[in-house]
>>> print(open('entry_14.csv').read())   # CSV, C-alpha atoms and all ligand atoms
chain,number,residue,atom,x,y,z
A,5,MET,CA,-89.8,42.2,-68.0
A,6,GLY,CA,-89.4,43.8,-64.6
A,7,PHE,CA,-91.4,46.0,-62.3
A,8,PRO,CA,-93.9,47.7,-62.8
A,9,GLU,CA,-94.9,45.2,-65.6
A,10,TYR,CA,-94.3,42.2,-63.6
A,11,ARG,CA,-95.6,42.1,-60.0
A,12,PRO,CA,-95.0,38.8,-58.2
A,13,ARG,CA,-97.3,39.9,-55.4
A,14,ARG,CA,-100.3,39.6,-57.7
A,15,LEU,CA,-100.3,35.8,-57.2
A,16,ARG,CA,-100.0,36.1,-53.4
A,17,ARG,CA,-103.0,38.2,-52.9
A,18,ASN,CA,-105.1,35.5,-51.2
A,19,GLU,CA,-104.9,31.9,-50.1
A,20,LYS,CA,-106.8,30.6,-53.1
A,21,LEU,CA,-104.5,32.2,-55.6
A,22,SER,CA,-101.3,31.3,-53.8
A,23,GLY,CA,-102.6,27.8,-53.4
A,24,MET,CA,-103.2,27.4,-57.1
A,25,VAL,CA,-99.5,28.1,-57.8
A,26,GLN,CA,-98.0,26.2,-54.9
A,27,GLU,CA,-95.2,24.1,-56.1
A,28,HIS,CA,-94.9,21.4,-53.5
A,29,GLU,CA,-97.3,19.8,-51.0
A,30,LEU,CA,-96.9,17.4,-48.2
A,31,SER,CA,-99.0,14.3,-48.3
A,32,SER,CA,-99.2,11.6,-45.7
A,33,LYS,CA,-98.6,8.9,-48.4
A,34,HIS,CA,-95.0,9.9,-48.5
A,35,LEU,CA,-94.3,9.7,-44.8
A,36,VAL,CA,-92.5,7.0,-42.9
A,37,TYR,CA,-92.6,6.8,-39.1
A,38,PRO,CA,-89.6,5.3,-37.2
A,39,LEU,CA,-90.3,3.0,-34.3
A,40,PHE,CA,-87.9,1.7,-31.6
A,41,ILE,CA,-88.9,-1.7,-30.5
A,42,LYS,CA,-87.6,-3.0,-27.2
A,43,GLU,CA,-87.5,-6.6,-26.0
A,44,GLY,CA,-89.5,-7.5,-22.9
A,45,ASP,CA,-92.6,-6.0,-21.3
A,46,CYS,CA,-91.3,-2.4,-21.2
A,47,LYS,CA,-94.6,-1.3,-22.8
A,48,ARG,CA,-93.7,2.4,-23.3
A,49,THR,CA,-90.4,3.9,-22.2
A,50,ALA,CA,-90.0,7.7,-22.7
A,51,ILE,CA,-86.9,8.9,-24.5
A,52,PRO,CA,-86.0,12.1,-22.6
A,53,SER,CA,-84.2,13.8,-25.5
A,54,MET,CA,-87.1,13.1,-27.8
A,55,PRO,CA,-90.2,14.2,-26.0
A,56,GLY,CA,-93.3,12.5,-27.6
A,57,VAL,CA,-91.3,9.5,-28.9
A,58,ASP,CA,-91.1,6.3,-26.9
A,59,GLN,CA,-89.4,2.9,-27.0
A,60,LEU,CA,-92.2,0.3,-27.4
A,61,SER,CA,-92.6,-3.3,-26.6
A,62,ILE,CA,-93.9,-5.6,-29.3
A,63,ASP,CA,-97.5,-5.5,-28.0
A,64,SER,CA,-97.6,-1.8,-27.6
A,65,VAL,CA,-96.2,-1.4,-31.2
A,66,LEU,CA,-99.4,-2.9,-32.5
A,67,PHE,CA,-101.5,-0.2,-30.8
A,68,GLU,CA,-99.1,2.4,-32.3
A,69,ILE,CA,-99.5,1.0,-35.8
A,70,GLU,CA,-103.3,1.0,-35.5
A,71,GLU,CA,-103.0,4.8,-35.0
A,72,LEU,CA,-100.6,5.1,-38.0
A,73,VAL,CA,-103.0,3.1,-40.3
A,74,ASP,CA,-105.8,5.3,-39.1
A,75,LEU,CA,-103.8,8.4,-40.1
A,76,SER,CA,-103.0,7.0,-43.5
A,77,ILE,CA,-99.3,6.8,-42.9
A,78,PRO,CA,-98.2,4.0,-45.2
A,79,ALA,CA,-94.9,2.7,-43.7
A,80,VAL,CA,-92.8,2.3,-40.5
A,81,LEU,CA,-89.1,2.0,-40.2
A,82,LEU,CA,-88.2,-0.5,-37.4
A,83,PHE,CA,-85.2,-0.4,-35.1
A,84,GLY,CA,-84.7,-3.2,-32.6
A,85,ILE,CA,-83.3,-3.0,-29.0
A,86,PRO,CA,-82.3,-6.6,-28.0
A,87,GLU,CA,-82.1,-7.8,-24.4
A,88,LYS,CA,-78.7,-9.1,-24.9
A,89,LYS,CA,-75.9,-7.9,-27.2
A,90,ASP,CA,-72.8,-9.8,-28.3
A,91,GLU,CA,-69.6,-9.2,-30.3
A,92,THR,CA,-71.1,-10.2,-33.6
A,93,GLY,CA,-74.7,-8.8,-33.1
A,94,SER,CA,-76.3,-12.3,-33.4
A,95,GLN,CA,-79.8,-11.0,-32.5
A,96,ALA,CA,-79.8,-9.1,-35.7
A,97,TYR,CA,-79.9,-12.3,-37.7
A,98,SER,CA,-81.6,-14.7,-35.4
A,99,ASP,CA,-85.2,-15.6,-36.4
A,100,GLU,CA,-86.1,-15.0,-32.8
A,101,GLY,CA,-84.5,-11.6,-32.7
A,102,VAL,CA,-86.8,-8.8,-31.4
A,103,ILE,CA,-87.2,-7.2,-34.9
A,104,GLN,CA,-88.0,-10.5,-36.6
A,105,ARG,CA,-90.6,-11.3,-34.0
A,106,ALA,CA,-92.1,-7.7,-34.2
A,107,ILE,CA,-92.3,-8.0,-38.1
A,108,ARG,CA,-94.1,-11.3,-37.9
A,109,GLU,CA,-96.6,-9.8,-35.4
A,110,ILE,CA,-97.1,-6.6,-37.3
A,111,LYS,CA,-97.6,-8.3,-40.7
A,112,GLY,CA,-99.8,-11.0,-39.1
A,113,ARG,CA,-102.1,-8.4,-37.7
A,114,PHE,CA,-102.0,-5.6,-40.4
A,115,GLY,CA,-100.9,-7.3,-43.6
A,116,GLU,CA,-100.8,-4.9,-46.5
A,117,LYS,CA,-102.2,-2.1,-44.5
A,118,ILE,CA,-98.8,-1.1,-43.4
A,119,MET,CA,-95.4,-1.4,-45.2
A,120,VAL,CA,-92.6,-2.6,-42.9
A,121,ILE,CA,-89.2,-1.2,-43.6
A,122,ALA,CA,-86.5,-3.0,-41.7
A,123,ASP,CA,-83.5,-1.0,-40.8
A,124,LEU,CA,-80.5,-3.3,-41.3
A,125,CYS,CA,-77.5,-2.7,-39.2
A,126,LEU,CA,-75.6,-4.3,-36.4
A,127,CYS,CA,-74.8,-1.4,-34.1
A,128,GLU,CA,-78.0,-1.9,-32.0
A,129,TYR,CA,-77.0,-5.6,-31.5
A,130,THR,CA,-73.3,-5.5,-31.0
A,131,SER,CA,-71.8,-5.2,-27.5
A,132,HIS,CA,-69.3,-2.6,-28.8
A,133,GLY,CA,-71.9,-0.6,-30.6
A,134,HIS,CA,-70.2,-0.5,-34.0
A,135,CYS,CA,-72.0,-1.3,-37.2
A,136,GLY,CA,-70.1,-4.5,-38.0
A,137,ALA,CA,-67.9,-7.3,-36.9
A,138,LEU,CA,-64.6,-6.1,-35.4
A,139,ARG,CA,-61.0,-7.2,-36.2
A,140,GLY,CA,-59.0,-5.6,-33.5
A,141,SER,CA,-60.5,-2.2,-33.1
A,142,GLU,CA,-61.4,-1.9,-36.8
A,143,VAL,CA,-64.7,-2.8,-38.4
A,144,ASP,CA,-64.0,-5.7,-40.8
A,145,ASN,CA,-65.9,-4.7,-44.0
A,146,ASP,CA,-66.1,-8.0,-45.9
A,147,GLU,CA,-66.8,-10.1,-42.8
A,148,THR,CA,-69.7,-7.7,-41.9
A,149,LEU,CA,-71.2,-8.2,-45.4
A,150,LYS,CA,-71.9,-11.8,-44.5
A,151,LEU,CA,-73.6,-10.9,-41.3
A,152,LEU,CA,-75.7,-8.2,-43.0
A,153,SER,CA,-76.8,-10.6,-45.7
A,154,ARG,CA,-77.9,-13.1,-43.0
A,155,ALA,CA,-79.8,-10.3,-41.2
A,156,ALA,CA,-81.5,-9.2,-44.5
A,157,LEU,CA,-82.7,-12.8,-45.0
A,158,ALA,CA,-84.0,-13.1,-41.4
A,159,GLN,CA,-86.0,-9.9,-41.9
A,160,SER,CA,-87.3,-11.0,-45.2
A,161,ARG,CA,-88.4,-14.4,-43.8
A,162,ALA,CA,-90.2,-12.6,-41.1
A,163,GLY,CA,-92.2,-10.6,-43.7
A,164,ALA,CA,-90.4,-7.2,-44.1
A,165,ASP,CA,-91.6,-5.3,-47.2
A,166,ILE,CA,-88.4,-3.3,-47.7
A,167,ILE,CA,-84.8,-3.8,-46.4
A,168,ALA,CA,-82.9,-0.7,-45.5
A,169,PRO,CA,-79.2,-1.2,-44.9
A,170,SER,CA,-77.8,1.7,-42.8
A,171,ASP,CA,-74.3,0.4,-42.1
A,172,MET,CA,-72.2,2.1,-44.8
A,173,MET,CA,-70.0,-0.9,-45.5
A,174,ASP,CA,-68.6,-1.0,-49.0
A,175,GLY,CA,-70.3,-3.4,-51.3
A,176,ARG,CA,-73.2,-4.2,-49.0
A,177,ILE,CA,-76.0,-3.5,-51.5
A,178,ARG,CA,-74.6,-6.0,-54.0
A,179,ALA,CA,-74.1,-8.6,-51.3
A,180,ILE,CA,-77.6,-8.1,-49.8
A,181,ARG,CA,-79.2,-8.1,-53.3
A,182,LYS,CA,-77.5,-11.3,-54.2
A,183,ALA,CA,-78.4,-13.0,-50.9
A,184,LEU,CA,-82.1,-12.0,-51.3
A,185,ASP,CA,-82.3,-13.0,-55.0
A,186,GLU,CA,-80.8,-16.4,-54.2
A,187,SER,CA,-83.3,-17.1,-51.5
A,188,GLY,CA,-86.5,-16.3,-53.3
A,189,PHE,CA,-86.7,-12.7,-52.2
A,190,SER,CA,-86.1,-11.0,-55.5
A,191,HIS,CA,-89.3,-9.0,-55.1
A,192,ILE,CA,-88.0,-7.2,-51.9
A,193,PRO,CA,-86.8,-3.7,-52.6
A,194,ILE,CA,-83.6,-2.3,-51.0
A,195,MET,CA,-83.7,1.2,-49.6
A,196,SER,CA,-80.1,2.2,-49.2
A,197,TYR,CA,-78.8,4.7,-46.7
A,198,ALA,CA,-76.4,5.7,-49.5
A,199,ALA,CA,-75.3,9.2,-48.3
A,200,LYS,CA,-75.1,8.8,-44.6
A,201,TYR,CA,-73.1,11.4,-42.9
A,202,ALA,CA,-71.2,11.1,-39.6
A,203,SER,CA,-73.5,13.7,-37.9
A,204,GLY,CA,-73.8,15.2,-34.5
A,205,LEU,CA,-77.5,15.1,-35.0
A,206,TYR,CA,-77.8,11.4,-34.2
A,207,GLY,CA,-77.2,12.0,-30.5
A,208,PRO,CA,-80.8,11.5,-29.3
A,209,PHE,CA,-81.2,8.4,-31.5
A,210,ARG,CA,-78.4,6.7,-29.8
A,211,GLU,CA,-80.2,7.2,-26.5
A,212,ALA,CA,-83.3,5.9,-28.1
A,213,ALA,CA,-81.7,2.9,-29.7
A,214,GLU,CA,-79.2,2.3,-27.0
A,215,SER,CA,-76.5,2.1,-29.6
A,216,THR,CA,-73.7,4.5,-28.6
A,217,PRO,CA,-70.3,3.1,-29.7
A,218,GLN,CA,-68.3,1.9,-26.7
A,219,PHE,CA,-65.1,3.2,-28.1
A,220,GLY,CA,-64.2,5.5,-31.0
A,221,ASP,CA,-66.8,6.8,-33.4
A,222,ARG,CA,-68.3,5.9,-36.8
A,223,ARG,CA,-66.2,8.3,-38.9
A,224,SER,CA,-64.3,5.5,-40.6
A,225,TYR,CA,-67.5,4.3,-42.4
A,226,GLN,CA,-69.9,7.3,-42.3
A,227,MET,CA,-69.3,10.3,-44.5
A,228,ASP,CA,-67.5,13.5,-43.7
A,229,PRO,CA,-70.0,16.4,-43.5
A,230,PRO,CA,-68.1,18.9,-45.8
A,231,ASN,CA,-68.2,16.4,-48.7
A,232,GLN,CA,-70.8,16.6,-51.5
A,233,ARG,CA,-69.2,14.9,-54.5
A,234,GLU,CA,-68.4,11.9,-52.3
A,235,ALA,CA,-72.1,11.6,-51.7
A,236,LEU,CA,-72.7,11.4,-55.4
A,237,ARG,CA,-70.1,8.6,-55.7
A,238,GLU,CA,-71.7,6.7,-52.8
A,239,MET,CA,-75.2,7.0,-54.4
A,240,GLU,CA,-74.0,6.1,-57.9
A,241,LEU,CA,-72.3,3.0,-56.5
A,242,ASP,CA,-75.4,1.9,-54.6
A,243,VAL,CA,-77.6,2.3,-57.7
A,244,GLU,CA,-75.1,0.3,-59.7
A,245,GLU,CA,-75.2,-2.4,-57.0
A,246,GLY,CA,-78.9,-2.7,-57.2
A,247,ALA,CA,-80.5,-0.2,-54.7
A,248,ASP,CA,-84.1,0.6,-55.5
A,249,ILE,CA,-84.4,3.7,-53.3
A,250,ILE,CA,-81.6,6.0,-52.4
A,251,MET,CA,-81.5,7.8,-49.0
A,252,VAL,CA,-79.8,10.9,-47.8
A,253,LYS,CA,-79.3,11.2,-44.0
A,254,PRO,CA,-79.7,13.6,-42.1
A,255,ALA,CA,-82.1,15.7,-44.1
A,256,LEU,CA,-82.1,19.4,-43.1
A,257,PHE,CA,-78.3,20.1,-43.0
A,258,TYR,CA,-77.9,18.1,-46.3
A,259,LEU,CA,-80.6,19.6,-48.5
A,260,ASP,CA,-78.0,20.5,-51.1
A,261,VAL,CA,-77.0,16.8,-51.3
A,262,LEU,CA,-80.7,15.9,-51.8
A,263,ALA,CA,-81.1,18.5,-54.5
A,264,LEU,CA,-78.0,17.2,-56.3
A,265,ALA,CA,-79.3,13.6,-56.0
A,266,ARG,CA,-82.6,14.7,-57.5
A,267,GLU,CA,-80.7,16.0,-60.5
A,268,ARG,CA,-78.3,13.2,-61.0
A,269,ILE,CA,-79.7,10.0,-59.5
A,270,ASN,CA,-82.6,8.4,-61.4
A,271,ARG,CA,-84.1,6.5,-58.5
A,272,PRO,CA,-86.7,7.4,-55.9
A,273,LEU,CA,-85.2,9.4,-53.1
A,274,ALA,CA,-85.8,9.2,-49.4
A,275,ALA,CA,-84.6,11.7,-46.7
A,276,TYR,CA,-84.3,10.8,-43.1
A,277,SER,CA,-85.1,13.8,-40.9
A,278,VAL,CA,-83.1,12.5,-37.9
A,279,SER,CA,-83.5,12.6,-34.1
A,280,GLY,CA,-81.5,15.8,-33.6
A,281,GLU,CA,-83.7,17.6,-36.1
A,282,TYR,CA,-86.7,16.5,-34.2
A,283,SER,CA,-85.2,17.4,-30.8
A,284,MET,CA,-84.0,20.9,-31.9
A,285,ILE,CA,-87.4,21.9,-33.2
A,286,ARG,CA,-89.4,20.2,-30.5
A,287,GLY,CA,-87.1,21.6,-27.8
A,288,ALA,CA,-87.3,25.2,-29.1
A,289,ALA,CA,-91.1,24.9,-29.5
A,290,ASP,CA,-91.4,23.6,-25.9
A,291,GLN,CA,-89.6,26.7,-24.8
A,292,GLY,CA,-92.1,28.8,-26.7
A,293,TRP,CA,-89.3,30.2,-29.0
A,294,ILE,CA,-90.8,29.0,-32.3
A,295,ASP,CA,-94.2,28.1,-33.6
A,296,TYR,CA,-94.2,24.3,-33.5
A,297,LYS,CA,-96.7,23.5,-36.3
A,298,ARG,CA,-95.4,26.2,-38.6
A,299,VAL,CA,-91.7,25.2,-38.2
A,300,VAL,CA,-92.5,21.4,-38.5
A,301,THR,CA,-94.4,22.0,-41.7
A,302,GLU,CA,-91.9,24.4,-43.1
A,303,SER,CA,-88.9,22.2,-42.4
A,304,THR,CA,-90.7,19.1,-43.8
A,305,VAL,CA,-91.8,20.8,-47.0
A,306,SER,CA,-88.2,22.1,-47.4
A,307,ILE,CA,-87.1,18.4,-47.7
A,308,LYS,CA,-89.8,17.8,-50.3
A,309,ARG,CA,-88.8,20.9,-52.2
A,310,ALA,CA,-85.1,19.7,-52.2
A,311,GLY,CA,-86.3,16.6,-54.0
A,312,ALA,CA,-87.2,13.8,-51.6
A,313,ASP,CA,-90.1,11.5,-52.5
A,314,ILE,CA,-90.1,9.7,-49.2
A,315,ILE,CA,-89.7,11.5,-45.9
A,316,ILE,CA,-88.8,9.6,-42.8
A,317,THR,CA,-89.8,11.8,-39.8
A,318,TYR,CA,-90.6,11.6,-36.2
A,319,PHE,CA,-93.2,14.3,-36.9
A,320,ALA,CA,-95.2,12.0,-39.3
A,321,LYS,CA,-98.1,11.5,-37.0
A,322,GLU,CA,-98.6,15.2,-36.3
A,323,ILE,CA,-98.2,16.2,-39.9
A,324,ALA,CA,-100.8,13.6,-40.9
A,325,ARG,CA,-103.1,14.8,-38.2
A,326,TRP,CA,-102.8,18.5,-39.3
A,327,MET,CA,-103.4,17.6,-42.9
A,328,ARG,CA,-106.5,15.7,-42.0
A,329,GLU,CA,-107.8,18.6,-39.9
A,330,ALA,CA,-107.1,20.9,-42.9
A,331,THR,CA,-109.3,18.8,-45.2
A,332,LEU,CA,-112.2,18.4,-42.8
B,1,ZN,ZN,-75.2,1.1,-37.5
>>> encode(input="entry_14.csv", output="C-alpha cells", more="lines below")
Ligand SMILES: [Zn+2]
Amino acid sequence: MGFPEYRPRRLRRNEKLSGMVQEHELSSKHLVYPLFIKEGDCKRTAIPSMPGVDQLSIDSVLFEIEELVDLSIPAVLLFGIPEKKDETGSQAYSDEGVIQRAIREIKGRFGEKIMVIADLCLCEYTSHGHCGALRGSEVDNDETLKLLSRAALAQSRAGADIIAPSDMMDGRIRAIRKALDESGFSHIPIMSYAAKYASGLYGPFREAAESTPQFGDRRSYQMDPPNQREALREMELDVEEGADIIMVKPALFYLDVLALARERINRPLAAYSVSGEYSMIRGAADQGWIDYKRVVTESTVSIKRAGADIIITYFAKEIARWMREATL
C-alpha cells in the first residue's frame, strides 16, 4: 500500500500524535556520569578540552554526587588520578588508593542512593601509562590479570557496586569473576568494556585522566576500528567468561556494533559516549555552529535507538535537567 493510501505524515501532524508513536525515549534512570577523582586538595581542576567537566578531589566529589542524586541519575563511573605512579600501578590495588578511599566515602555518605561503578584498569596508575604490567616494551597479558584481580578485590572491599574492567586483556573477565567469587563478592556484577576500539576520540580523556601512554599506543590490545565481526567475538567471549553487562566504546562512531550486539548478545548493553564525542559537540555548540540541546538529545537518543540500555555520558546532568524541566 503506497501513496496516496498510506501517508506517513498523518502521524506527524502534531506533538501529541508523534509522541504517541515515538519508539525510543531517554530516561535519567539509564544514565551514568563519569567522574575523575584526583588525589589531594585540588578541589576542582578544569579540563580545558572538556569544558564543563572537572577533575575533583574526594571532598568535592561528594558535592557533585549530591547533585546527581537530586537529578535522579542512578550511577557514577569512577576514574582515579593517583599522586604517584609506578611500573606496576600499585595504587590501583592498594586499599588506600585514591579510588578505594573515594568509594568508601561515597558509599558511607550515600549508600544505596547512588551506584558506584569502578573503572578497572592500570593505565591511570602506571608510570608508563599502559594498561598492564610490562615485559620489555610489551604488556604482559597473564601477569596483568593477577594485578587486575587484586584491583577488583580492593574496589569491592571498598564498596563498589559494579566492577568495570576496561583494559582489554585476554581472559580478564574469567580471572576477575573467579577472584570475586572466591572472596565473597559473587553478588558484584561485572560490566565489561568488551568492544573497546583504539579510537582517536579518547584524546580529551587522556588529558582528564592524565593517562597518555609514555611510548607507543594501545593498538596491541584495543580493537581496530574497521572491524565489526571481531567485536562480536570479543563480546561473546566476555559473556562466556561471566560478564553481566557488555559495553561498546566509543558510542557514536560504533552504533552499528551496538545494533549488532543488540541482535546477537543476550545481555544488557552499555555504550560509552566518550570524551571526544562530548568535546566535538560541546566545541561546535560553543562556536554557535550547532544547537547544543538539540544535538545532545539527538546523539544520545541515537545510542538508545541502536540498542543501548545503559548510556555513559558526560552530558548526563544536562539531559537529566532538561527532562525534568520538560515534565514540570
Ligand atoms: Zn587502560
>>> closest_atom_pairs(input="entry_14.csv", of="chain A", to="ligand ZN 1 (chain B)", cutoff="8 Å", atoms="all atoms listed in the file", output="Markdown table")
| residue | atom | partner | partner_atom | distance |
| --- | --- | --- | --- | --- |
| A:Leu124 | CA | B:ZN1 | ZN | 7.9 |
| A:Cys125 | CA | B:ZN1 | ZN | 4.8 |
| A:Leu126 | CA | B:ZN1 | ZN | 5.5 |
| A:Cys127 | CA | B:ZN1 | ZN | 4.2 |
| A:Glu128 | CA | B:ZN1 | ZN | 6.9 |
| A:Gly133 | CA | B:ZN1 | ZN | 7.8 |
| A:His134 | CA | B:ZN1 | ZN | 6.3 |
| A:Cys135 | CA | B:ZN1 | ZN | 4.0 |
| A:Gly136 | CA | B:ZN1 | ZN | 7.6 |
| A:Ser170 | CA | B:ZN1 | ZN | 5.9 |
| A:Asp171 | CA | B:ZN1 | ZN | 4.7 |
| A:Met172 | CA | B:ZN1 | ZN | 8.0 |
>>> atom_distance(input="entry_14.csv", atom1="atom CA of Ala137 of chain A", atom2="atom CA of Asp58 of chain A")
28.7 Å
>>> residues_around(input="entry_14.csv", residues="Met54 of chain A", least_positions_apart="3", cutoff="8 Å", atoms="only C-alpha atoms", output="list in words")
Ala50, Ile51, Val57, Asp58, Pro208, Ser279, Tyr282, Ser283 and Arg286 of chain A
>>> residues_around(input="entry_14.csv", residues="Glu91 of chain A", least_positions_apart="6", cutoff="9 Å", atoms="only C-alpha atoms", output="PDB file with C-alpha atoms, in the coordinates of the input")
ATOM      1  CA  TYR A 129     -77.000  -5.600 -31.500  1.00  0.00           C
ATOM      2  CA  THR A 130     -73.300  -5.500 -31.000  1.00  0.00           C
ATOM      3  CA  SER A 131     -71.800  -5.200 -27.500  1.00  0.00           C
ATOM      4  CA  HIS A 132     -69.300  -2.600 -28.800  1.00  0.00           C
ATOM      5  CA  GLY A 133     -71.900  -0.600 -30.600  1.00  0.00           C
ATOM      6  CA  ALA A 137     -67.900  -7.300 -36.900  1.00  0.00           C
ATOM      7  CA  LEU A 138     -64.600  -6.100 -35.400  1.00  0.00           C
TER       8      LEU A 138
END
>>> residues_around(input="entry_14.csv", residues="Phe83 of chain A", least_positions_apart="4", cutoff="9 Å", atoms="only C-alpha atoms", output="PyMOL selection string")
chain A and resi 38-42+103+122-124+128+213
>>> decode(input="entry_14.csv", residues="segment 187-208 of chain A", atoms="N, CA and C atoms", output="mmCIF file, in the first residue's frame")
data_model
loop_
_atom_site.group_PDB
_atom_site.id
_atom_site.type_symbol
_atom_site.label_atom_id
_atom_site.label_comp_id
_atom_site.auth_asym_id
_atom_site.auth_seq_id
_atom_site.Cartn_x
_atom_site.Cartn_y
_atom_site.Cartn_z
ATOM 1 N N SER A 187 36.245 -14.621 47.001
ATOM 2 C CA SER A 187 36.430 -13.736 48.157
ATOM 3 C C SER A 187 35.124 -13.176 48.701
ATOM 4 N N GLY A 188 34.028 -13.856 48.383
ATOM 5 C CA GLY A 188 32.738 -13.449 48.949
ATOM 6 C C GLY A 188 32.067 -12.307 48.204
ATOM 7 N N PHE A 189 32.474 -12.072 46.956
ATOM 8 C CA PHE A 189 31.853 -10.993 46.191
ATOM 9 C C PHE A 189 31.098 -11.534 44.971
ATOM 10 N N SER A 190 30.459 -12.687 45.142
ATOM 11 C CA SER A 190 29.765 -13.272 43.985
ATOM 12 C C SER A 190 28.549 -12.444 43.581
ATOM 13 N N HIS A 191 28.134 -11.508 44.448
ATOM 14 C CA HIS A 191 26.970 -10.675 44.123
ATOM 15 C C HIS A 191 27.349 -9.432 43.312
ATOM 16 N N ILE A 192 28.622 -9.209 43.109
ATOM 17 C CA ILE A 192 29.055 -7.990 42.395
ATOM 18 C C ILE A 192 29.072 -8.242 40.888
ATOM 19 N N PRO A 193 28.277 -7.471 40.133
ATOM 20 C CA PRO A 193 28.265 -7.665 38.677
ATOM 21 C C PRO A 193 29.511 -7.097 37.999
ATOM 22 N N ILE A 194 29.828 -7.680 36.845
ATOM 23 C CA ILE A 194 30.934 -7.176 36.024
ATOM 24 C C ILE A 194 30.364 -6.550 34.758
ATOM 25 N N MET A 195 30.716 -5.282 34.565
ATOM 26 C CA MET A 195 30.373 -4.597 33.316
ATOM 27 C C MET A 195 31.638 -4.573 32.477
ATOM 28 N N SER A 196 31.642 -5.343 31.399
ATOM 29 C CA SER A 196 32.876 -5.475 30.635
ATOM 30 C C SER A 196 32.940 -4.484 29.478
ATOM 31 N N TYR A 197 34.055 -3.745 29.426
ATOM 32 C CA TYR A 197 34.336 -2.971 28.214
ATOM 33 C C TYR A 197 34.741 -4.026 27.178
ATOM 34 N N ALA A 198 33.759 -4.649 26.532
ATOM 35 C CA ALA A 198 34.040 -5.814 25.695
ATOM 36 C C ALA A 198 34.549 -5.405 24.320
ATOM 37 N N ALA A 199 33.832 -4.481 23.694
ATOM 38 C CA ALA A 199 34.252 -3.999 22.375
ATOM 39 C C ALA A 199 34.779 -2.587 22.546
ATOM 40 N N LYS A 200 36.061 -2.511 22.854
ATOM 41 C CA LYS A 200 36.676 -1.199 23.068
ATOM 42 C C LYS A 200 37.685 -0.959 21.954
ATOM 43 N N TYR A 201 37.387 0.052 21.172
ATOM 44 C CA TYR A 201 38.201 0.326 19.994
ATOM 45 C C TYR A 201 39.357 1.268 20.314
ATOM 46 N N ALA A 202 40.452 1.104 19.563
ATOM 47 C CA ALA A 202 41.592 2.029 19.661
ATOM 48 C C ALA A 202 41.181 3.294 18.909
ATOM 49 N N SER A 203 40.570 4.229 19.624
ATOM 50 C CA SER A 203 39.913 5.369 18.983
ATOM 51 C C SER A 203 40.651 6.672 19.225
ATOM 52 N N GLY A 204 40.616 7.527 18.221
ATOM 53 C CA GLY A 204 41.163 8.877 18.374
ATOM 54 C C GLY A 204 40.293 9.754 19.258
ATOM 55 N N LEU A 205 39.107 9.239 19.589
ATOM 56 C CA LEU A 205 38.168 10.048 20.383
ATOM 57 C C LEU A 205 38.506 10.058 21.878
ATOM 58 N N TYR A 206 39.548 9.317 22.277
ATOM 59 C CA TYR A 206 39.894 9.296 23.709
ATOM 60 C C TYR A 206 40.826 10.446 24.108
ATOM 61 N N GLY A 207 41.242 11.257 23.127
ATOM 62 C CA GLY A 207 42.224 12.311 23.400
ATOM 63 C C GLY A 207 41.915 13.155 24.626
ATOM 64 N N PRO A 208 40.730 13.785 24.692
ATOM 65 C CA PRO A 208 40.440 14.639 25.850
ATOM 66 C C PRO A 208 40.450 13.865 27.174
#
